[in-house]
Structures are given as C-alpha cells and as structure tokens.
Amino acid sequence: MPGAEVRAAEAEGAEETPEARLARAVRAAEQALIEFEIAVETFRVEVENFSRLHHQKLGPMYARLDELDALIAEARAARTGDPDDLRRAQEARALVMPMPGVDELFHNWIDSDGLSPEAAAMLNEQPVQAPRRVRPSDEARKLYRDLVRKAHPDLAAEEAERQRRDEFITRVNAAYARGDEAQLRQLAEEWEAGPAPAEPAHSETEELYARLEWLARRKELLTVVARELEESAIGAMLRMAPDDPDRLLDEVAEQLLAQVSEREAELAALTTAP
C-alpha cells in the first residue's frame, strides 16, 4: 500500500545517522557540481572552436575592411593635403601595419606579405576547408565526468599528490576539448592503474565538511568562469544562435562583404581623376 511505503521510507530516514545524511548531501552536491563543470567546460570548448571558425571565415574580411579604410584615408589625404587628414591616414595605416608573429596571432590567414591564399579565397567566396567543429559526445562527457570526479586535484591531501592530479587533469581537459574518446579511455585506464589513494588523515565527518566547503568554493569559481564565457563577444554570438551558429557566421559574412563593396566603391571614387 502507498501509505505503508511512505511510513517505511520515513522510518528508514529517521534511522539515518547525521554522518549518513551529511554523506548523502555531499554526494548530491558533488553530482550537481560535476554536471555544472561539464556544462561550463563544454561551453568553453564550443566558444574556443567557434572562435577559430569566426577568425577563419570573417578574419580576412575584417582585415580587408581595415586595409580599405587605410587606403581611403591615404587617398583623401593625398587629395586635400590637410594635416588632420594626413594624421588620420597615418593612424589608419598603423592599424594594419604587420607585426612580429602576426601569422600566429591571426591563425595563418595573414602575414607580413598580406592575406594568405586561403584568406583570399574566402574573400572571393571560393571554398576552403573549415576547422573541424568539436562537439564532445555523450560517451566523452561520461568519461570526462568520471575522471574529474575521481582525479580532481582538490581531492588530494598532500602537495605531491595534488601536483600529480593537476598534471593528469590537464591532460584530461585537453582530450575532452578535442572530443577524443579513445584518449579519455586510455586516461581512465591509466588512472585506475595508478597508485592507490592515500588514507584520509581526518575523521569521516571532518572530511565531509571539508569536501562541502571545497564544493562551495569550486561552484563560485565556475560561476565566474561561466559568466565570463557568456559575456565574451564569441559567447554572446553563440547564445544568439546556439543551434545553428554557422548561419549566424554566414549572415555576418554577408554584411561584411557588403561593407567591403561600399569601401571599394568609395576608394575608386577617390582615386579616379576628377
């Protein structure tokens, strides 16, 4: 009977010790934090990959706009000879001057010689190979969740163990960012084959309270990270079209191409003999 089941559950709950209730609360908090951490890390991976797509597809267009702005300012200054126009031309040109290491900064689509062939292809609407979109699978998420729960550095009592876990979790995060299930499985096997965890130095109750305090601190930190990701320019773009971010990139690309055409027409007008 339902009433009998409820009374039995209540009786069982009444018999639960304070330590058991605390342990249950810690487990629930751990699970909630793990899911939150996975959500934050997954969004971070999305932001990072979308940023690469954004730079590859739109970067050449932004670069072309900057170059056209410099050329327009220079053409206007050449016509007028006005000191203010000359100053604005110098400032516009300074914005597009090559810098050491610029190819690394701009993911190889521009260097000291100008636009790369791939960037030029993008401006001419020719197909180029886009970077691979990484979306961690359900299995990768499960493996990541299990590894974070077992191996997080803050579970360590001694500094040497904390450092070992920190190095290990760095590798776990890198594999998860790539969506590499095989590497995550290898890391899970490596962790299971590693040294056994040290015996706790404190009582079970002390360990549980310490764990709750760490979970609270970790949640605060993750909340800050999540807010920074959401408020970033790329994060804001992703939130505008979470299910189809490529469509948003296409729309922005169309707008930029229209601006490029307008600037080219303006430049042509300035450089044509009156």
# chains A, B, ... in the order shown; residues from 1 in each chain; ligands from 1
>>> residues_around(residues="Glu91 of chain A", least_positions_apart="4", cutoff="12 Å", atoms="only C-alpha atoms", output="PyMOL selection string")
chain A and resi 66-67+69-71+73-74+77+84-87+95-97
>>> residues_around(residues="Leu212 of chain A", least_positions_apart="2", cutoff="12 Å", atoms="only C-alpha atoms", output="list in words")
Leu22, Ala23, Arg24, Ala25, Val26, Arg27, Ala28, Ala29, Glu30, Leu33, Asp154, Leu155, Thr205, Glu206, Glu207, Leu208, Tyr209, Ala210, Trp214, Leu215, Ala216, Arg217, Arg218 and Lys219 of chain A
>>> closest_residue(among="A:Phe43, A:Phe50, A:Tyr62, A:Phe36", to="Ile234 of chain A", atoms="only C-alpha atoms")
A:Phe50
>>> residues_around(residues="segment 265-268 of chain A", least_positions_apart="5", cutoff="8 Å", atoms="only C-alpha atoms", output="NGL selection string")
:A and (68 or 71-72 or 75)
>>> write_last_selection(atoms="N, CA, C and O atoms", output="compact mmCIF listing (two decimals), in the first residue's frame")
# COMPACT_ATOMS: atom_id res chain seq x y z
N LEU A 68 41.15 48.78 -46.55
CA LEU A 68 40.41 49.75 -47.36
C LEU A 68 40.27 51.08 -46.63
O LEU A 68 40.38 52.16 -47.24
N LEU A 71 43.52 52.81 -47.06
CA LEU A 71 43.69 53.32 -48.42
C LEU A 71 42.80 54.53 -48.68
O LEU A 71 43.22 55.50 -49.35
N ILE A 72 41.57 54.49 -48.15
CA ILE A 72 40.66 55.63 -48.33
C ILE A 72 41.21 56.87 -47.63
O ILE A 72 41.21 57.98 -48.17
N ALA A 75 44.12 58.18 -49.60
CA ALA A 75 43.71 58.84 -50.84
C ALA A 75 43.11 60.21 -50.54
O ALA A 75 43.36 61.20 -51.27
>>> atom_distance(atom1="atom CA of Ile34 of chain A", atom2="atom CA of Val225 of chain A")
14.6 Å
>>> closest_residue(among="A:Thr42, A:Ser51, A:Thr17, A:Thr223", to="Leu249 of chain A", atoms="only C-alpha atoms")
A:Ser51
>>> closest_residue(among="A:Ile38, A:Met61, A:Ala269, A:Leu256", to="Arg145 of chain A", atoms="only C-alpha atoms")
A:Ile38
